[in-house]
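**Q** Structure file protein37.pdb (PDB, C-alpha atoms) is given on the next line.
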```pdb
MODEL        1
ATOM      1  CA  MET I   1     -27.244 116.098  73.722
ATOM      2  CA  THR I   2     -23.953 114.316  73.251
ATOM      3  CA  GLY I   3     -21.838 114.473  70.149
ATOM      4  CA  GLY I   4     -21.102 111.590  67.783
ATOM      5  CA  THR I   5     -19.656 108.327  69.088
ATOM      6  CA  ALA I   6     -18.008 105.292  67.632
ATOM      7  CA  ALA I   7     -21.462 103.804  67.220
ATOM      8  CA  GLU I   8     -22.300 106.571  64.792
ATOM      9  CA  ALA I   9     -19.890 105.206  62.195
ATOM     10  CA  GLN I  10     -21.681 101.873  62.086
ATOM     11  CA  ASP I  11     -25.026 101.009  60.561
ATOM     12  CA  LYS I  12     -26.469  98.140  62.559
ATOM     13  CA  GLY I  13     -29.854  98.117  60.884
ATOM     14  CA  THR I  14     -33.319  99.350  61.752
ATOM     15  CA  VAL I  15     -35.298  98.872  64.959
ATOM     16  CA  TYR I  16     -39.068  99.156  64.551
ATOM     17  CA  PHE I  17     -40.722 100.793  67.545
ATOM     18  CA  LEU I  18     -44.492 100.349  67.990
ATOM     19  CA  SER I  19     -45.869 103.082  70.247
ATOM     20  CA  TRP I  20     -47.850 106.311  70.228
ATOM     21  CA  GLY I  21     -47.552 109.293  67.984
ATOM     22  CA  GLY I  22     -47.878 112.307  70.261
ATOM     23  CA  THR I  23     -44.884 113.009  72.480
ATOM     24  CA  ILE I  24     -43.003 109.897  71.300
ATOM     25  CA  GLN I  25     -43.197 111.087  67.701
ATOM     26  CA  THR I  26     -42.303 114.618  68.778
ATOM     27  CA  MET I  27     -39.249 113.308  70.602
ATOM     28  CA  LEU I  28     -37.934 111.044  67.851
ATOM     29  CA  GLU I  29     -38.905 112.841  64.652
ATOM     30  CA  LYS I  30     -39.277 116.528  65.512
ATOM     31  CA  GLU I  31     -36.721 117.053  68.242
ATOM     32  CA  GLY I  32     -33.874 114.942  66.938
ATOM     33  CA  TRP I  33     -33.778 112.008  69.306
ATOM     34  CA  ALA I  34     -33.932 109.386  66.547
ATOM     35  CA  ASP I  35     -30.625 110.849  65.346
ATOM     36  CA  GLU I  36     -29.375 110.777  68.931
ATOM     37  CA  PHE I  37     -30.263 107.092  69.223
ATOM     38  CA  LYS I  38     -28.300 106.397  66.039
ATOM     39  CA  LYS I  39     -25.278 108.250  67.453
ATOM     40  CA  ASP I  40     -25.480 106.393  70.741
ATOM     41  CA  THR I  41     -26.035 102.859  69.440
ATOM     42  CA  GLY I  42     -25.455 102.624  65.692
ATOM     43  CA  TYR I  43     -29.063 101.533  65.089
ATOM     44  CA  THR I  44     -31.758 103.403  63.204
ATOM     45  CA  VAL I  45     -35.132 103.631  64.922
ATOM     46  CA  THR I  46     -38.348 103.797  62.907
ATOM     47  CA  LEU I  47     -41.502 104.645  64.806
ATOM     48  CA  VAL I  48     -44.703 102.763  63.986
ATOM     49  CA  PRO I  49     -47.214 105.185  65.564
ATOM     50  CA  LYS I  50     -50.716 104.429  66.793
ATOM     51  CA  ALA I  51     -53.196 106.725  68.501
ATOM     52  CA  THR I  52     -54.069 104.609  71.544
ATOM     53  CA  SER I  53     -52.668 101.804  73.707
ATOM     54  CA  ALA I  54     -55.522  99.574  72.572
ATOM     55  CA  GLU I  55     -54.402  99.988  68.950
ATOM     56  CA  ILE I  56     -50.762  99.442  69.871
ATOM     57  CA  ILE I  57     -51.320  96.149  71.655
ATOM     58  CA  ALA I  58     -53.848  94.903  69.094
ATOM     59  CA  THR I  59     -51.228  95.473  66.384
ATOM     60  CA  ALA I  60     -48.571  93.670  68.407
ATOM     61  CA  ILE I  61     -50.795  90.684  69.172
ATOM     62  CA  ALA I  62     -51.781  90.416  65.502
ATOM     63  CA  GLN I  63     -48.058  89.992  64.713
ATOM     64  CA  LYS I  64     -47.529  87.298  67.361
ATOM     65  CA  ASN I  65     -46.573  84.559  64.903
ATOM     66  CA  SER I  66     -44.547  86.778  62.574
ATOM     67  CA  PRO I  67     -43.370  89.970  64.304
ATOM     68  CA  GLN I  68     -42.709  93.022  62.153
ATOM     69  CA  VAL I  69     -41.823  95.312  65.073
ATOM     70  CA  ASP I  70     -39.091  94.988  67.681
ATOM     71  CA  VAL I  71     -40.097  97.064  70.717
ATOM     72  CA  VAL I  72     -43.620  97.760  71.960
ATOM     73  CA  MET I  73     -44.511 100.550  74.396
ATOM     74  CA  CYS I  74     -47.980 101.374  75.725
ATOM     75  CA  ASP I  75     -49.832 101.765  79.006
ATOM     76  CA  LEU I  76     -49.684  99.041  81.637
ATOM     77  CA  ALA I  77     -53.186  97.643  81.282
ATOM     78  CA  ALA I  78     -52.753  97.162  77.531
ATOM     79  CA  PHE I  79     -49.263  95.713  77.951
ATOM     80  CA  GLN I  80     -50.717  93.058  80.246
ATOM     81  CA  GLN I  81     -52.884  91.879  77.361
ATOM     82  CA  GLY I  82     -49.713  91.250  75.401
ATOM     83  CA  MET I  83     -48.175  89.430  78.355
ATOM     84  CA  ALA I  84     -51.225  87.176  78.501
ATOM     85  CA  GLN I  85     -50.591  86.320  74.849
ATOM     86  CA  GLN I  86     -46.884  85.662  75.646
ATOM     87  CA  ILE I  87     -45.652  87.967  72.894
ATOM     88  CA  PHE I  88     -42.718  89.477  74.843
ATOM     89  CA  GLU I  89     -39.283  88.027  75.551
ATOM     90  CA  PRO I  90     -37.735  87.885  79.050
ATOM     91  CA  LEU I  91     -35.391  90.737  79.963
ATOM     92  CA  ASP I  92     -32.171  90.585  81.978
ATOM     93  CA  GLU I  93     -29.613  93.117  83.183
ATOM     94  CA  LYS I  94     -26.820  91.614  81.110
ATOM     95  CA  ALA I  95     -28.613  92.489  77.867
ATOM     96  CA  VAL I  96     -30.376  95.591  79.248
ATOM     97  CA  PRO I  97     -27.989  96.985  81.902
ATOM     98  CA  ASN I  98     -30.098 100.037  82.804
ATOM     99  CA  LEU I  99     -32.631  97.660  84.369
ATOM    100  CA  SER I 100     -30.397  97.717  87.458
ATOM    101  CA  LYS I 101     -31.168 101.440  87.972
ATOM    102  CA  MET I 102     -34.960 101.193  87.889
ATOM    103  CA  VAL I 103     -37.194 101.480  90.954
ATOM    104  CA  PRO I 104     -38.515  98.050  91.989
ATOM    105  CA  ASN I 105     -42.102  98.656  90.873
ATOM    106  CA  ALA I 106     -40.906  99.626  87.394
ATOM    107  CA  ARG I 107     -40.582  95.951  86.489
ATOM    108  CA  LEU I 108     -43.624  94.079  85.185
ATOM    109  CA  GLY I 109     -42.929  90.397  85.508
ATOM    110  CA  ASP I 110     -39.773  89.432  83.631
ATOM    111  CA  THR I 111     -40.845  90.858  80.260
ATOM    112  CA  GLY I 112     -41.827  94.492  80.873
ATOM    113  CA  VAL I 113     -40.258  97.630  82.293
ATOM    114  CA  ALA I 114     -41.826 101.040  82.861
ATOM    115  CA  PRO I 115     -39.507 103.881  81.817
ATOM    116  CA  TYR I 116     -41.761 106.562  83.256
ATOM    117  CA  ALA I 117     -45.229 107.197  84.625
ATOM    118  CA  ASP I 118     -47.956 109.780  84.348
ATOM    119  CA  ILE I 119     -50.090 110.663  87.352
ATOM    120  CA  LEU I 120     -53.885 110.846  87.184
ATOM    121  CA  ALA I 121     -54.748 114.535  87.473
ATOM    122  CA  LEU I 122     -57.327 117.261  86.992
ATOM    123  CA  VAL I 123     -56.600 119.789  84.251
ATOM    124  CA  TYR I 124     -58.634 122.994  84.300
ATOM    125  CA  GLN I 125     -59.000 126.057  82.073
ATOM    126  CA  LYS I 126     -57.816 128.998  84.186
ATOM    127  CA  ASP I 127     -59.499 131.743  82.137
ATOM    128  CA  VAL I 128     -62.919 130.072  82.357
ATOM    129  CA  PHE I 129     -62.520 129.477  86.083
ATOM    130  CA  GLU I 130     -61.408 133.042  86.739
ATOM    131  CA  ARG I 131     -64.186 134.566  84.639
ATOM    132  CA  ASN I 132     -66.816 132.517  86.495
ATOM    133  CA  GLY I 133     -65.286 133.016  89.924
ATOM    134  CA  TRP I 134     -64.845 129.261  90.418
ATOM    135  CA  ALA I 135     -62.381 127.965  92.994
ATOM    136  CA  PRO I 136     -59.752 125.633  91.486
ATOM    137  CA  PRO I 137     -60.534 121.919  91.858
ATOM    138  CA  LYS I 138     -58.775 119.983  94.612
ATOM    139  CA  THR I 139     -60.438 116.549  94.739
ATOM    140  CA  TRP I 140     -62.230 114.094  92.472
ATOM    141  CA  LYS I 141     -65.476 115.117  94.167
ATOM    142  CA  ASP I 142     -65.095 118.547  92.566
ATOM    143  CA  LEU I 143     -66.113 116.987  89.246
ATOM    144  CA  PHE I 144     -69.649 116.893  90.623
ATOM    145  CA  ARG I 145     -69.820 120.621  91.426
ATOM    146  CA  PRO I 146     -73.108 121.822  89.859
ATOM    147  CA  GLU I 147     -71.712 125.167  88.703
ATOM    148  CA  PHE I 148     -69.476 123.446  86.167
ATOM    149  CA  GLY I 149     -72.464 122.400  84.065
ATOM    150  CA  LYS I 150     -71.592 120.851  80.719
ATOM    151  CA  THR I 151     -67.852 121.577  80.785
ATOM    152  CA  LEU I 152     -66.351 118.175  81.695
ATOM    153  CA  ILE I 153     -63.891 116.282  79.495
ATOM    154  CA  ILE I 154     -63.464 112.697  80.693
ATOM    155  CA  PRO I 155     -61.793 109.662  79.097
ATOM    156  CA  PRO I 156     -63.902 106.566  78.476
ATOM    157  CA  VAL I 157     -63.380 103.539  80.694
ATOM    158  CA  SER I 158     -61.439 101.848  77.873
ATOM    159  CA  ASN I 159     -58.753 104.515  78.369
ATOM    160  CA  THR I 160     -56.303 103.972  81.250
ATOM    161  CA  TYR I 161     -57.146 107.301  82.895
ATOM    162  CA  GLY I 162     -60.850 106.558  82.548
ATOM    163  CA  MET I 163     -60.295 103.170  84.171
ATOM    164  CA  TYR I 164     -58.519 104.757  87.153
ATOM    165  CA  LEU I 165     -61.309 107.310  87.533
ATOM    166  CA  LEU I 166     -63.921 104.537  87.508
ATOM    167  CA  VAL I 167     -62.068 102.670  90.267
ATOM    168  CA  GLU I 168     -61.632 105.847  92.334
ATOM    169  CA  LEU I 169     -65.315 106.741  92.019
ATOM    170  CA  ALA I 170     -66.202 103.215  93.101
ATOM    171  CA  ARG I 171     -63.906 103.492  96.125
ATOM    172  CA  GLU I 172     -65.310 106.889  97.111
ATOM    173  CA  ASN I 173     -68.827 105.446  97.024
ATOM    174  CA  GLY I 174     -68.319 102.264  99.024
ATOM    175  CA  GLY I 175     -67.037  99.952  96.297
ATOM    176  CA  ASP I 176     -63.718  98.957  94.752
ATOM    177  CA  GLU I 177     -62.359  97.007  91.772
ATOM    178  CA  ARG I 178     -64.386  93.952  92.754
ATOM    179  CA  ASN I 179     -67.508  95.991  93.443
ATOM    180  CA  ILE I 180     -67.403  98.435  90.551
ATOM    181  CA  GLN I 181     -71.102  99.295  90.265
ATOM    182  CA  PRO I 182     -70.855 102.366  92.578
ATOM    183  CA  GLY I 183     -68.279 103.743  90.145
ATOM    184  CA  PHE I 184     -70.612 103.302  87.200
ATOM    185  CA  GLU I 185     -73.464 104.956  89.096
ATOM    186  CA  ALA I 186     -71.194 107.953  89.774
ATOM    187  CA  LEU I 187     -70.170 108.120  86.106
ATOM    188  CA  LYS I 188     -73.833 108.140  85.124
ATOM    189  CA  LYS I 189     -74.316 111.231  87.288
ATOM    190  CA  LEU I 190     -71.368 112.946  85.574
ATOM    191  CA  ALA I 191     -72.282 111.904  82.025
ATOM    192  CA  PRO I 192     -74.852 114.650  81.245
ATOM    193  CA  ASN I 193     -72.155 117.258  81.947
ATOM    194  CA  VAL I 194     -69.519 115.630  79.732
ATOM    195  CA  VAL I 195     -68.585 117.552  76.586
ATOM    196  CA  ASP I 196     -66.485 114.739  75.178
ATOM    197  CA  TRP I 197     -65.276 111.249  76.148
ATOM    198  CA  THR I 198     -61.794 111.782  74.781
ATOM    199  CA  THR I 199     -58.722 109.550  74.615
ATOM    200  CA  THR I 200     -56.136 112.146  73.532
ATOM    201  CA  PHE I 201     -54.648 115.222  75.146
ATOM    202  CA  ALA I 202     -54.694 116.948  71.742
ATOM    203  CA  LYS I 203     -58.497 116.866  71.820
ATOM    204  CA  ILE I 204     -58.465 118.180  75.392
ATOM    205  CA  ALA I 205     -56.185 121.018  74.307
ATOM    206  CA  ASP I 206     -58.549 121.945  71.470
ATOM    207  CA  LEU I 207     -61.625 121.910  73.702
ATOM    208  CA  MET I 208     -59.856 123.947  76.385
ATOM    209  CA  GLN I 209     -58.573 126.459  73.833
ATOM    210  CA  GLN I 210     -62.092 126.881  72.439
ATOM    211  CA  GLU I 211     -63.405 127.113  76.026
ATOM    212  CA  THR I 212     -65.861 124.358  75.154
ATOM    213  CA  GLY I 213     -64.508 122.403  78.111
ATOM    214  CA  ALA I 214     -63.259 123.730  81.438
ATOM    215  CA  ILE I 215     -62.113 120.728  83.474
ATOM    216  CA  SER I 216     -60.681 117.377  82.455
ATOM    217  CA  VAL I 217     -59.379 114.131  83.895
ATOM    218  CA  PHE I 218     -56.115 113.006  82.301
ATOM    219  CA  GLY I 219     -52.401 112.559  82.999
ATOM    220  CA  ASN I 220     -50.446 115.334  84.703
ATOM    221  CA  ALA I 221     -47.734 115.288  82.027
ATOM    222  CA  SER I 222     -50.348 115.785  79.306
ATOM    223  CA  GLY I 223     -51.724 118.737  81.255
ATOM    224  CA  TRP I 224     -48.322 120.409  81.395
ATOM    225  CA  GLU I 225     -47.806 119.734  77.686
ATOM    226  CA  ILE I 226     -51.137 121.453  76.960
ATOM    227  CA  ALA I 227     -49.938 124.430  79.003
ATOM    228  CA  LYS I 228     -46.689 124.548  77.024
ATOM    229  CA  ARG I 229     -48.753 124.826  73.846
ATOM    230  CA  GLY I 230     -50.119 128.122  75.120
ATOM    231  CA  VAL I 231     -53.498 126.933  76.393
ATOM    232  CA  PRO I 232     -54.253 128.601  79.770
ATOM    233  CA  VAL I 233     -54.522 125.495  81.946
ATOM    234  CA  ASP I 234     -53.281 124.440  85.351
ATOM    235  CA  VAL I 235     -52.775 120.916  86.683
ATOM    236  CA  ILE I 236     -53.882 119.540  90.043
ATOM    237  CA  VAL I 237     -52.911 116.101  91.364
ATOM    238  CA  PRO I 238     -55.499 115.314  94.047
ATOM    239  CA  GLU I 239     -54.318 113.650  97.232
ATOM    240  CA  GLY I 240     -54.331 109.900  96.831
ATOM    241  CA  SER I 241     -54.023 109.800  93.065
ATOM    242  CA  TYR I 242     -52.860 106.978  90.804
ATOM    243  CA  MET I 243     -49.669 106.280  88.881
ATOM    244  CA  SER I 244     -50.191 105.246  85.276
ATOM    245  CA  PRO I 245     -46.988 103.569  84.081
ATOM    246  CA  THR I 246     -45.907 103.421  80.469
ATOM    247  CA  VAL I 247     -44.468  99.935  79.899
ATOM    248  CA  ALA I 248     -42.095  98.708  77.209
ATOM    249  CA  GLY I 249     -40.957  95.278  76.113
ATOM    250  CA  VAL I 250     -39.193  93.387  73.348
ATOM    251  CA  MET I 251     -41.238  91.259  70.966
ATOM    252  CA  LYS I 252     -40.472  87.560  71.121
ATOM    253  CA  ASN I 253     -38.692  86.605  67.861
ATOM    254  CA  ALA I 254     -38.226  90.289  67.019
ATOM    255  CA  PRO I 255     -36.728  90.956  63.569
ATOM    256  CA  ASN I 256     -33.802  92.790  65.213
ATOM    257  CA  SER I 257     -33.631  91.433  68.756
ATOM    258  CA  GLU I 258     -30.208  92.892  69.558
ATOM    259  CA  GLY I 259     -31.295  96.309  68.310
ATOM    260  CA  ALA I 260     -34.536  95.941  70.266
ATOM    261  CA  ARG I 261     -32.631  95.451  73.513
ATOM    262  CA  ALA I 262     -30.432  98.434  72.671
ATOM    263  CA  LEU I 263     -33.512 100.609  72.127
ATOM    264  CA  LEU I 264     -35.141  99.441  75.345
ATOM    265  CA  ASN I 265     -31.960 100.102  77.313
ATOM    266  CA  TRP I 266     -31.782 103.590  75.772
ATOM    267  CA  LEU I 267     -35.434 104.339  76.527
ATOM    268  CA  ILE I 268     -34.878 103.662  80.251
ATOM    269  CA  SER I 269     -31.582 105.544  80.404
ATOM    270  CA  GLU I 270     -30.933 108.554  82.628
ATOM    271  CA  LYS I 271     -30.337 110.657  79.525
ATOM    272  CA  VAL I 272     -33.677 109.938  77.842
ATOM    273  CA  LEU I 273     -35.738 110.005  81.028
ATOM    274  CA  THR I 274     -34.256 113.319  82.154
ATOM    275  CA  TYR I 275     -35.298 114.764  78.797
ATOM    276  CA  ARG I 276     -38.814 113.322  79.039
ATOM    277  CA  ALA I 277     -39.231 114.626  82.583
ATOM    278  CA  GLU I 278     -38.018 118.119  81.661
ATOM    279  CA  ARG I 279     -39.771 118.283  78.295
ATOM    280  CA  PHE I 280     -43.030 116.428  78.967
ATOM    281  CA  GLY I 281     -43.360 116.317  82.758
ATOM    282  CA  GLN I 282     -43.330 112.529  83.049
ATOM    283  CA  SER I 283     -42.133 110.890  86.271
ATOM    284  CA  PRO I 284     -38.893 108.956  85.586
ATOM    285  CA  LEU I 285     -38.578 105.516  87.176
ATOM    286  CA  ASN I 286     -34.792 105.414  86.773
ATOM    287  CA  THR I 287     -33.278 106.215  90.187
ATOM    288  CA  ALA I 288     -30.289 107.983  88.615
ATOM    289  CA  VAL I 289     -32.451 110.833  87.283
ATOM    290  CA  LYS I 290     -32.173 114.042  89.323
ATOM    291  CA  LEU I 291     -34.410 116.984  88.465
ATOM    292  CA  GLY I 292     -34.280 120.677  89.234
ATOM    293  CA  GLY I 293     -35.977 123.872  88.103
ATOM    294  CA  GLU I 294     -39.493 123.719  86.683
ATOM    295  CA  ALA I 295     -39.347 119.941  86.179
ATOM    296  CA  GLY I 296     -38.412 119.494  89.819
ATOM    297  CA  GLN I 297     -41.577 121.370  90.800
ATOM    298  CA  HIS I 298     -43.977 119.685  88.385
ATOM    299  CA  VAL I 299     -42.729 116.106  88.244
ATOM    300  CA  ILE I 300     -43.461 113.598  90.993
ATOM    301  CA  THR I 301     -40.401 111.472  91.774
ATOM    302  CA  GLY I 302     -38.806 109.360  94.486
ATOM    303  CA  ASP I 303     -40.642 108.858  97.771
ATOM    304  CA  ALA I 304     -43.654 110.864  96.559
ATOM    305  CA  LEU I 305     -44.424 108.050  94.112
ATOM    306  CA  LYS I 306     -44.835 105.680  97.064
ATOM    307  CA  SER I 307     -47.876 107.604  98.335
ATOM    308  CA  LEU I 308     -49.882 106.986  95.173
ATOM    309  CA  LYS I 309     -52.748 104.503  95.149
ATOM    310  CA  THR I 310     -52.547 101.192  93.338
ATOM    311  CA  VAL I 311     -55.130  98.912  91.786
ATOM    312  CA  ASP I 312     -55.351  95.156  91.368
ATOM    313  CA  TYR I 313     -54.168  95.035  87.757
ATOM    314  CA  ASP I 314     -54.359  91.246  87.523
ATOM    315  CA  TYR I 315     -58.018  91.251  88.521
ATOM    316  CA  ILE I 316     -58.870  94.236  86.332
ATOM    317  CA  ALA I 317     -57.374  92.459  83.331
ATOM    318  CA  THR I 318     -60.035  89.753  83.748
ATOM    319  CA  VAL I 319     -62.973  92.198  83.791
ATOM    320  CA  ARG I 320     -61.752  95.086  81.639
ATOM    321  CA  ASN I 321     -63.743  94.064  78.571
ATOM    322  CA  GLU I 322     -66.902  93.764  80.678
ATOM    323  CA  TRP I 323     -66.316  97.270  82.047
ATOM    324  CA  ASN I 324     -65.784  98.647  78.552
ATOM    325  CA  GLN I 325     -69.001  97.079  77.338
ATOM    326  CA  GLN I 326     -70.962  98.301  80.344
ATOM    327  CA  PHE I 327     -69.649 101.821  79.794
ATOM    328  CA  GLN I 328     -70.709 101.754  76.141
ATOM    329  CA  ARG I 329     -74.087 100.287  77.007
ATOM    330  CA  GLU I 330     -75.029 102.352  80.071
ATOM    331  CA  VAL I 331     -72.950 105.539  80.229
ATOM    332  CA  GLU I 332     -71.496 106.757  76.934
ATOM    333  CA  SER I 333     -74.789 107.866  75.383
ATOM    334  CA  LEU I 334     -75.931 109.826  78.446
ATOM    335  CA  ARG I 335     -73.842 112.915  77.694
TER     336      ARG I 335
ENDMDL
END
```
Could you express the structure from this file as structure tokens?

**A**
Amino acid sequence: MTGGTAAEAQDKGTVYFLSWGGTIQTMLEKEGWADEFKKDTGYTVTLVPKATSAEIIATAIAQKNSPQVDVVMCDLAAFQQGMAQQIFEPLDEKAVPNLSKMVPNARLGDTGVAPYADILALVYQKDVFERNGWAPPKTWKDLFRPEFGKTLIIPPVSNTYGMYLLVELARENGGDERNIQPGFEALKKLAPNVVDWTTTFAKIADLMQQETGAISVFGNASGWEIAKRGVPVDVIVPEGSYMSPTVAGVMKNAPNSEGARALLNWLISEKVLTYRAERFGQSPLNTAVKLGGEAGQHVITGDALKSLKTVDYDYIATVRNEWNQQFQREVESLR
């Protein structure tokens, strides 16, 4: 980290940052990056943590007419709900200069930017696999292997990773986003073997540590973070996986709009994204970031990102609530 700067001598006020606890809270509050932000910009950042993207965007939308937070960061699908409610202000490179360094698909309209992305992956418990003589998983079809029994940990469809899995299962069975029923039928076949429909990697870590679960669908960065916590897991990104961007934006009529733009610019900087790639295994979408060592091996960057599958986010936004309700009605209780 850098030393103090001229900005450090100033106190420009507080920027309220609505996002997750988890790695964001670890970064800012436990590993000193809130202090680093103050040194770099003169602003104080206060995290307003929520457990899920759904909670984050619901909180932001509830503040639409009288914002109490400045910057909002969550997954793409949730962010789009905020865009539909027109709660974010337009961004430009004059106010947020690091926008000029981002890969083209990092921008979401004129109000959002994705600092980094996680990749949909399979996380498996190496000790359980070795003890049972199971071959490591390689494809999404491996989730259906009968020997796994009741060892699956899968996010619900309301979770971004669960949504991607639903779409992939539909595509593998003759459907797609607009013909999603084959995906639901596949989920129904998996459901009896699901230990938990979880939305957090902390729960996955606990279940893997207890050996209650042996294989999970989640983000690759979360898998590597679980491994760093001492849980014996490995991470596999199947061929033709999906990129799950984390998107950030500035609230329209934010209490501290100048500080909000400073925080957003800092979040997409080479400095912060190099740290997040090396520390948490997240794929940086700033083209200036260069990785080596372990991060270079684990983190998908550059041209490799172009090979990932995409979904029709605009269409999915119109049917997401229906999918969530169908999952709750037809699938959730089958485990």

**Q** From the options I:Pro49, I:Gly42, I:Gly281, I:Pro192, which residue's atoms come nearest to Ala221 of chain I, counting all atoms listed in the file?

**A** I:Gly281

**Q** Have a look at atom CA of Glu225 of chain I and atom CA of Ile154 of chain I and let me know their distance in Å, one decimal.

**A**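 According to the coordinates, atom CA of Glu225 of chain I and atom CA of Ile154 of chain I are separated by 17.4 Å.
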
**Q** So the first atom is atom CA of Pro156 of chain I and the second is atom CA of Val250 of chain I; what is the distance between them in Å, to one decimal place?

**A**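 These two atoms are separated by 28.5 Å.
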
**Q** Looking at I:Asp75, I:Pro136, I:Ala114, I:Asn159, which one is nearest to Lys101 of chain I, with distances taken over all atoms listed in the file?

**A**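 Of I:Asp75, I:Pro136, I:Ala114, I:Asn159, the one nearest Lys101 of chain I, counting all atoms listed in the file, is I:Ala114.
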
**Q** If the PyMOL selection byres ((chain I and resi 16-27) around 10) is run on the structure shown, which residues does it catch, given as a ChimeraX atom specification?

**A** /I:13-15,28-34,44-53,55-57,59-60,68-75,200-202,222,225,248,250,254-256,259-260,263-264,272,275-276,279-280

**Q** Tell me which residues the PyMOL selection byres ((chain I and resi 155) around 9) grabs here, as a PyMOL selection string.

**A** chain I and resi 153-154+156-163+165+196-200+216-218

**Q** Of the residues I:Asp176, I:Lys12, I:Ala106, I:Thr246, which is the one nearest to Phe79 of chain I, using all atoms listed in the file?

**A**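 Among the listed residues, the smallest separation from Phe79 of chain I belongs to I:Thr246.
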
**Q** Please give the centre and size of the box around segment 278-291 of chain I (axis-aligned, containing every atom listed in the file, 4 Å added per side), with values in Å to one decimal and written as lines of an AutoDock Vina configuration file.

**A**
```
center_x = -36.8
center_y = 111.8
center_z = 84.2
size_x = 21.1
size_y = 20.9
size_z = 19.9
```

**Q** Measuring between all atoms listed in the file, which one of I:Pro90, I:Glu177, I:Val167, I:Arg229 shows the shortest distance to Thr318 of chain I?

**A**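 Among the listed residues, the smallest separation from Thr318 of chain I belongs to I:Glu177.
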
**Q** What does the structure give for the distance between atom CA of Gly183 of chain I and atom CA of Ser241 of chain I, in Å to one decimal?

**A**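 Atom-to-atom, atom CA of Gly183 of chain I to atom CA of Ser241 of chain I, that is 15.8 Å.
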
**Q** For this structure, which residues satisfy the selection - the PyMOL selection byres ((chain I and resi 124-130) around 10) - when it is evaluated on the file as given? I want them as a PDB file with C-alpha atoms, keeping the file's coordinate frame.

**A**
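As written to disk, out.pdb reads:
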```
ATOM      1  CA  ALA I 121     -54.748 114.535  87.473  1.00  0.00           C
ATOM      2  CA  LEU I 122     -57.327 117.261  86.992  1.00  0.00           C
ATOM      3  CA  VAL I 123     -56.600 119.789  84.251  1.00  0.00           C
ATOM      4  CA  ARG I 131     -64.186 134.566  84.639  1.00  0.00           C
ATOM      5  CA  ASN I 132     -66.816 132.517  86.495  1.00  0.00           C
ATOM      6  CA  GLY I 133     -65.286 133.016  89.924  1.00  0.00           C
ATOM      7  CA  TRP I 134     -64.845 129.261  90.418  1.00  0.00           C
ATOM      8  CA  ALA I 135     -62.381 127.965  92.994  1.00  0.00           C
ATOM      9  CA  PRO I 136     -59.752 125.633  91.486  1.00  0.00           C
ATOM     10  CA  PRO I 137     -60.534 121.919  91.858  1.00  0.00           C
ATOM     11  CA  PHE I 148     -69.476 123.446  86.167  1.00  0.00           C
ATOM     12  CA  THR I 151     -67.852 121.577  80.785  1.00  0.00           C
ATOM     13  CA  LEU I 152     -66.351 118.175  81.695  1.00  0.00           C
ATOM     14  CA  ILE I 153     -63.891 116.282  79.495  1.00  0.00           C
ATOM     15  CA  ALA I 205     -56.185 121.018  74.307  1.00  0.00           C
ATOM     16  CA  LEU I 207     -61.625 121.910  73.702  1.00  0.00           C
ATOM     17  CA  MET I 208     -59.856 123.947  76.385  1.00  0.00           C
ATOM     18  CA  GLN I 209     -58.573 126.459  73.833  1.00  0.00           C
ATOM     19  CA  GLU I 211     -63.405 127.113  76.026  1.00  0.00           C
ATOM     20  CA  THR I 212     -65.861 124.358  75.154  1.00  0.00           C
ATOM     21  CA  GLY I 213     -64.508 122.403  78.111  1.00  0.00           C
ATOM     22  CA  ALA I 214     -63.259 123.730  81.438  1.00  0.00           C
ATOM     23  CA  ILE I 215     -62.113 120.728  83.474  1.00  0.00           C
ATOM     24  CA  SER I 216     -60.681 117.377  82.455  1.00  0.00           C
ATOM     25  CA  VAL I 217     -59.379 114.131  83.895  1.00  0.00           C
ATOM     26  CA  GLY I 223     -51.724 118.737  81.255  1.00  0.00           C
ATOM     27  CA  ALA I 227     -49.938 124.430  79.003  1.00  0.00           C
ATOM     28  CA  VAL I 231     -53.498 126.933  76.393  1.00  0.00           C
ATOM     29  CA  PRO I 232     -54.253 128.601  79.770  1.00  0.00           C
ATOM     30  CA  VAL I 233     -54.522 125.495  81.946  1.00  0.00           C
ATOM     31  CA  ASP I 234     -53.281 124.440  85.351  1.00  0.00           C
ATOM     32  CA  VAL I 235     -52.775 120.916  86.683  1.00  0.00           C
ATOM     33  CA  ILE I 236     -53.882 119.540  90.043  1.00  0.00           C
TER      34      ILE I 236
END
```

**Q** Restricting the calculation to all atoms listed in the file: of I:Leu291, I:Tyr242, I:Glu278, I:Gly109, which residue gets closest to Leu308 of chain I?

**A** I:Tyr242

**Q** If we count all atoms listed in the file, what is near Asp118 of chain I at a cut-off of 7 Å, once residues fewer than 3 positions away on the same chain are taken out, given as a PyMOL selection string?

**A** chain I and resi 219-221+243-245+282-283

**Q** Deliver the residues from the most recent selection as a file, using C-alpha atoms, as a PDB file, in the frame of the given file.

**A**
```
ATOM      1  CA  GLY I 219     -52.401 112.559  82.999  1.00  0.00           C
ATOM      2  CA  ASN I 220     -50.446 115.334  84.703  1.00  0.00           C
ATOM      3  CA  ALA I 221     -47.734 115.288  82.027  1.00  0.00           C
ATOM      4  CA  MET I 243     -49.669 106.280  88.881  1.00  0.00           C
ATOM      5  CA  SER I 244     -50.191 105.246  85.276  1.00  0.00           C
ATOM      6  CA  PRO I 245     -46.988 103.569  84.081  1.00  0.00           C
ATOM      7  CA  GLN I 282     -43.330 112.529  83.049  1.00  0.00           C
ATOM      8  CA  SER I 283     -42.133 110.890  86.271  1.00  0.00           C
TER       9      SER I 283
END
```
